[in-house]
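Okay, so here's the structure we're looking at.
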8 protein chains.
Amino acid sequence: MSPKGLEQLLRQIQQGRVTVPQALHRLRSMPFEDLGFASLDHHRSLRQGFPEVVLCEGKTIKQVIAITRSLIKKRDSFLATRAEPATARAIRRLDRRARYYADARVVAVTLRSQKQQGHILVVTAGTADIPVAEEARVTAEVMGSHVERLYDVGVAGLHRLLGKKDRLFKAKVVIVVAGMDGVLPSVVGGLVDCPVIAVPTSRGYGASFGGLAALLTMLNSCAAGVGVMNIDNGFGAGFLAHRINLIGLKG
Amino acid sequence: MSPKGLEQLLRQIQQGRVTVPQALHRLRSMPFEDLGFASLDHHRSLRQGFPEVVLCEGKTIKQVIAITRSLIKKRDSFLATRAEPATARAIRRLDRRARYYADARVVAVTLRSQKQQGHILVVTAGTADIPVAEEARVTAEVMGSHVERLYDVGVAGLHRLLGKKDRLFKAKVVIVVAGMDGVLPSVVGGLVDCPVIAVPTSRGYGASFGGLAALLTMLNSCAAGVGVMNIDNGFGAGFLAHRINLIGLKG
Amino acid sequence: MSPKGLEQLLRQIQQGRVTVPQALHRLRSMPFEDLGFASLDHHRSLRQGFPEVVLCEGKTIKQVIAITRSLIKKRDSFLATRAEPATARAIRRLDRRARYYADARVVAVTLRSQKQQGHILVVTAGTADIPVAEEARVTAEVMGSHVERLYDVGVAGLHRLLGKKDRLFKAKVVIVVAGMDGVLPSVVGGLVDCPVIAVPTSRGYGASFGGLAALLTMLNSCAAGVGVMNIDNGFGAGFLAHRINLIGLKG
Amino acid sequence: MSPKGLEQLLRQIQQGRVTVPQALHRLRSMPFEDLGFASLDHHRSLRQGFPEVVLCEGKTIKQVIAITRSLIKKRDSFLATRAEPATARAIRRLDRRARYYADARVVAVTLRSQKQQGHILVVTAGTADIPVAEEARVTAEVMGSHVERLYDVGVAGLHRLLGKKDRLFKAKVVIVVAGMDGVLPSVVGGLVDCPVIAVPTSRGYGASFGGLAALLTMLNSCAAGVGVMNIDNGFGAGFLAHRINLIGLKG
Amino acid sequence: MSPKGLEQLLRQIQQGRVTVPQALHRLRSMPFEDLGFASLDHHRSLRQGFPEVVLCEGKTIKQVIAITRSLIKKRDSFLATRAEPATARAIRRLDRRARYYADARVVAVTLRSQKQQGHILVVTAGTADIPVAEEARVTAEVMGSHVERLYDVGVAGLHRLLGKKDRLFKAKVVIVVAGMDGVLPSVVGGLVDCPVIAVPTSRGYGASFGGLAALLTMLNSCAAGVGVMNIDNGFGAGFLAHRINLIGLKG
Amino acid sequence: MSPKGLEQLLRQIQQGRVTVPQALHRLRSMPFEDLGFASLDHHRSLRQGFPEVVLCEGKTIKQVIAITRSLIKKRDSFLATRAEPATARAIRRLDRRARYYADARVVAVTLRSQKQQGHILVVTAGTADIPVAEEARVTAEVMGSHVERLYDVGVAGLHRLLGKKDRLFKAKVVIVVAGMDGVLPSVVGGLVDCPVIAVPTSRGYGASFGGLAALLTMLNSCAAGVGVMNIDNGFGAGFLAHRINLIGLKG
Amino acid sequence: MSPKGLEQLLRQIQQGRVTVPQALHRLRSMPFEDLGFASLDHHRSLRQGFPEVVLCEGKTIKQVIAITRSLIKKRDSFLATRAEPATARAIRRLDRRARYYADARVVAVTLRSQKQQGHILVVTAGTADIPVAEEARVTAEVMGSHVERLYDVGVAGLHRLLGKKDRLFKAKVVIVVAGMDGVLPSVVGGLVDCPVIAVPTSRGYGASFGGLAALLTMLNSCAAGVGVMNIDNGFGAGFLAHRINLIGLKG
Amino acid sequence: MSPKGLEQLLRQIQQGRVTVPQALHRLRSMPFEDLGFASLDHHRSLRQGFPEVVLCEGKTIKQVIAITRSLIKKRDSFLATRAEPATARAIRRLDRRARYYADARVVAVTLRSQKQQGHILVVTAGTADIPVAEEARVTAEVMGSHVERLYDVGVAGLHRLLGKKDRLFKAKVVIVVAGMDGVLPSVVGGLVDCPVIAVPTSRGYGASFGGLAALLTMLNSCAAGVGVMNIDNGFGAGFLAHRINLIGLKG
């Protein structure tokens, strides 16, 4: 039953053409989702301030474009992750506002007037962790957060990290991206007092098992206050960091 | 909003005390679950013919009894699984109709007038698989299915199974319970033409890894038409077999 | 011993040319399979209404064609799964009735007069799960089941699923195909009261471990009545769903 | 070099008894930690508002008491987790303000004057997940957060969760605790727009592998914005939730 | 159909009371196992020279006794493995000939007149591997093989093994039992030219993962000619070694 | 010390130019390997009747040729496994007697006069298991065993296997090669009374985990007397089967 | 052939009672181990300065005592690891010099005159890692190394470690013992320039999987120069550290 | 605060322009890293005698060159590992002194005047392990150690190893590189009395699981004194061996 149908039913009651028991019966069997969930969904997008995000991996370019076409036109902002250059070019043909962040493999449309607020810090252990970190950064920025970067400060040279502790202390949320032994989030978590989001990367070899070693390190972190994301899930980290950052903005 | 509240609202429209736009607004923000899901839930129990089942494992006896008290009184049938003897005794103190099936670790109240219909066959590879098989059997019987048993017919002595192929061919659904190498469902699945539900058991040692070996064997079964349950999940197998058996009864 | 040989032996007894003990001795050592299993096998294909299915993966095109040649000619229907386009073309050169379902990677010959009966619903969580779902759909359809589709209704937008609950409630069997977290079968299983077949897909990244995460989710489903297939095993799901669907048709 | 030693050195410069180059040399080789990190550490406890927490598991009662003795006296608040009743009694003998939360296995001293602020919601799928949820709740409360509970709303009866969506929407942070298939955080994450902390529990059997299945489900969650904790790590979840909740309070 | 029934049918043909087509029809539907497999089974026990073996683990004493009662009386030899002392005592109450090998956890009745033939050598890496080795030894001896022992010759002191190479070279089959790193079968396999059966044991700690490390070492052995058994499966090793040893005896 | 050196030393004793204590001292520190192990090695190749085998996988063509050059010239027989066509061509350029078995990926030189003796049967579950089975067959044949084949008799059509049980009963050793669920060795092991060598193959998909599922099935086989090889290790199976077959020939 | 036998042979050559070719033949077939390896073994114990060590775990007290009796009497030092109190008491009844280190579960006899040399530092992350660290310490001390301790300096409070960097810099070898996330060896390895031996402990819960997480962290350590031991293998770490420490002493 | 800033502060105290309490306050909040860690870092590179090493894997050529440019110019020695030929060529364009070791995939600049000291022995089980062994060798040589090689001495032909035991006994540290079953380090560890560094390689197939089998073998080694590196980590082994070798040189 569409909202129009509902309105019609109510008018029929008003006009005495449908009795209350008849209306009750029809309302009770009414598919709730047309009424309730559509509004719920609307409510969600209003509050979240961001539409569905397109994960390009595992989809053909054709499928990505079909989904994008319906999303990108009616929105001021848009995000597609894990986009290969060819996919990115296809999206840009749809909408020239779209920008491709090659390192992050992200295509995004950002509302020009949007002011980036709060303070998220993205930290990486090594150079090879940067693509995942960039996916996190672009995601959070497109959604409206202010993001800073502190890359290549792994514990093999602990002084590189300790020398930047001021920057760590200023952030509202810290995302720590690390592969191989995945040790950095434990060390950062022992220094800061804000929420830490740990992202293991698949970087490494041998017994790193595609990021499993780093993942387990982070899940078992001795430092409390560390939430862990899936391996290489930069998008998820950026998204969660943005949500946490928002709390500070909303008070 | 309760059904009463809804009726009241509709009457107010009828009486002109609430305008249609006002009513629309109130209906749209109405918690759908009070209206929609309560009836949905009701509908489900009507169709399923069976209330919630209590899994005793991981709950204290006190918790089990608290949950059971509210369920067992208003129903004609009841099921609690993984019940140790002490838990069973406590449930029986609540309701004398309850019967404890010690092998199956199940406590059940069965509607006396219920006729057991259809035809489920429960097969085990070995003697040690019987507790899981019995959990499946009692579950399906309490729900109203007719269940037969064919135990200890593993492939180490293939003639034991082949000698009973008539019984295999008569069933509407076959549940096959096996530990160690978990081979039996593949062999049964190669013989029958009805749905086969495979249940790995944790029986075995060494590289059986608590039932993992049998589980993987069953998931990779060369015989098509085999659906797999969690390790030792006799209840789930009995429940699914009953649902499949029901289809034949309802036509 | 062929049926002819058996008949000859019986006639020799009748004619007094072989004594009963002699005949007993010869019968006891008679290879049972020539007698018993050949008919058993015949019986199976009669009841199942479908010949052996060819899994193309792991076979050379030459091997597939050799197997197909002997199967496809004498049958009204035929099924080959995991067929790459080149394999499909080779099969179609053998028999022009064969049709290639590219999404499903299935080649099939369907009996024209066959009426599709019953009601199977195939549900997917995401777009990337569609190839596995299509393998299930084509399999069940070629075997004679009526199949409907409900794709891309994952729980990240729960209203998409809830808005279609009527379609869920109408099915006799539901196949739920999902990758990544594999959550959808638990949610569907909590809504419907018919058998649910869960198929994990290898879609995902990082700690999805090629579908292992989704597989474990489904095996541990809190919703009872869910049977699980191997990762990406659309064929098996379609086959099992068809067998369950058949029960309803046969009564 | 202690602060006193540093003061002495500075006075010697002032008094001309040590030249600047001599002082520079001594300062450069001065153990920085006595100067820098002691204050850093002090700074951290000031900002975090909470001293070190004692994990009792894996320690003897004697060890726990030795550590506790030095912590509990000089603080207004205190927390010991995974405490068996005997450990709890021993701590209470040290300080009568300590209270034992048996469900949560936590011993805590809470500052009386402390006002609980913000809004954390702790949700569980089942009854057996409650101990882990309670560890999270007590942890966050002792640290100063306002915590509410919504227990036993797993997806096997989806309406139980949907019927409480108002409570979900009001929270600043949601902790979702679930064992077996670990599905609930994905469903909650698809409904709310605040940060979600997912905690897998070791509850389940067979292929739940002591919580591994639930852990993988949560790491692969289709719903963005979900940070995952180690299996059964209620303390970590409460701690992280409190830190996130604090951001909203500090603005 | 029993052999008696078959004889009766043949006589009825002979006497003209049943026609050949009638008999053919009855024979074709005759359960083949009564005819074919019973004799097959008989044939197997004749050739194997040993009846079914009882695995006590996972069975109650009551179940073990019920199975044993029917086996032990009509045979000259008997074997029950993984028998705890209480089970052993119960079996000995049934039949005083039964002997309990406590190290091997085996209960056996051995035909007195049986001559032990051939030559099997059982080797262990350490003292803690002896129970598994003894299970293998008793199994093979009870079945009729001559077995020698060479225990505690692990590669940590390679000279212990090399000093006994004459004994290695004399065996027809070598069983090598090792836990921890499971290295010994590779070394033995590089020295001898007879079949080697490798048995990993669950002895070890940490990353031995209950015998998994030793199992993998043996499966990947650089020395060709090594067949691997399940972890702790002494019985299987003794059984296979006996079968191989038999080949030499039968020519 | 070379044999010549030893002879010289002994002559010096004989001639009184070296005292016995002096000789003892020199002999005790003599590198045993020059004396003892060289002959041991010689002894081994004499008894084994076959020189070192070249595993081509993981070596460059250049490395393979360097190793082969020194082996192939001085021998009547030669074996190289896992050889790609290019490697095979390079070996054949060295020695025209070499033959490439493309299915088995084996290059071999077989002594013409060699008579193939004994009786090994190689069985496969499916068509895709044939390459591994052929590696086993060629290995055993080149070493001098008589080998027969029984391919594509998996349990999905159990009658195919049972119809050939005569061939199973005639073999001295049976090699069973199977992927996916790896069920066939258990079924064959329940039928025959000779040693069974089980070889899992990496054929399968999803939860077959590259042959791990089949490997675990075989290690946990309910049928006693089954020795297991590494995944896809056809060479090892052929080698072990030949060694077992030899025992029967040598008596 | 014993040394006496060899001497006799040489005398026979000297006396002309045995020809050189006869002697050569007998020497060539002489079991090398009596000659070569016995001396080798002797050589090893001379150089290593320590006899065989008894691992008590997995052995009965009776077995431990039987092995100990022959070792402890003829030596000045002795070591038994993983000894429960009852085992320790039994060993002390054999030899009153034996001392039980309860924390380390080690029984040792140490040569009184032995001077402890060099400098090994044993570091632990937490209190619960101490038993493993103590096993390492006692092992290295009994063998003759000077060992210092630095316990409970995990990275959750990084200043505790950094405040002791002088002690880290003084050591010749550092053993780092850590459970849970196993992060400490990476941090220590990034600070020091001597060899680091990392020992994961089984301490932790959930996804620590009995020390697997810590083990993987250490194997993947970003800090070069870290060698890893098995989980909980304090003895192995102490032994290896002692060997490295010795190099410095021997020059 | 830079060293200059510190000097200025001290002069201000000297001149009476800053009081001691003021200076104390400023020093306490002084970023320690500018003072402490910079010198620490300097100290480390002085003692270690070797700058940061570049791991090329997982970095683009552009990134490698950017990092290399700043390192290679100001140093006498340089090391880049896992360098593909194209990367090597790009580095050599930067600095003609750089040499590419193709087997080891290492690019290195070695100080000409450097004398290679001590004695490291690198041993491999097979030909396919050589690349990892060469990475270890080149690493240790570039750092200044004298390294010898003993390749292809796996235990399948144990005499090859035993025949070289003199070379084993001469080394100060032995690196043992092995794939497949990873048995060699246990055997070498049972022979020598110096530290052994074990490196598993990813060479093998099937259940070698990319080196996991060899890794577990080595971690569980029965021979004490074996430290284990990550799979294929030749660099780490060479680095650790060099550090151990250094101890002997420094006394």
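Each chain in the structure tokens gets a letter, A, B, ..., in the order shown, and its residues are numbered from 1; ligands are numbered from 1 in order too.
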Mind listing as a PyMOL selection string which residues of chain D are within 10 Å of chain B, counting only C-alpha atoms?
-> chain D and resi 126-130+156-166+202-209
Among segment 131-165 of chain H, which residues carry a DSSP assignment of alpha helix (DSSP H), reported as JSON, numbers by chain?
-> {"H": [131, 132, 133, 134, 135, 136, 137, 138, 139, 140, 141, 142, 143, 158, 159, 160, 161, 162, 165]}
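Around Ala88 of chain G, within 10 Å and counting only C-alpha atoms, the residues found are Cys56, Ile61, Val64, Ile65, Ala80, Thr81, Arg82, Ala83, Glu84, Pro85, Ile91, Arg92, Arg93, Ala98, Arg99, Tyr100, Tyr101, Ala102, Arg105, Val106, Val107 and Ala108 of chain G, once anything fewer than 3 positions away on its own chain is removed.
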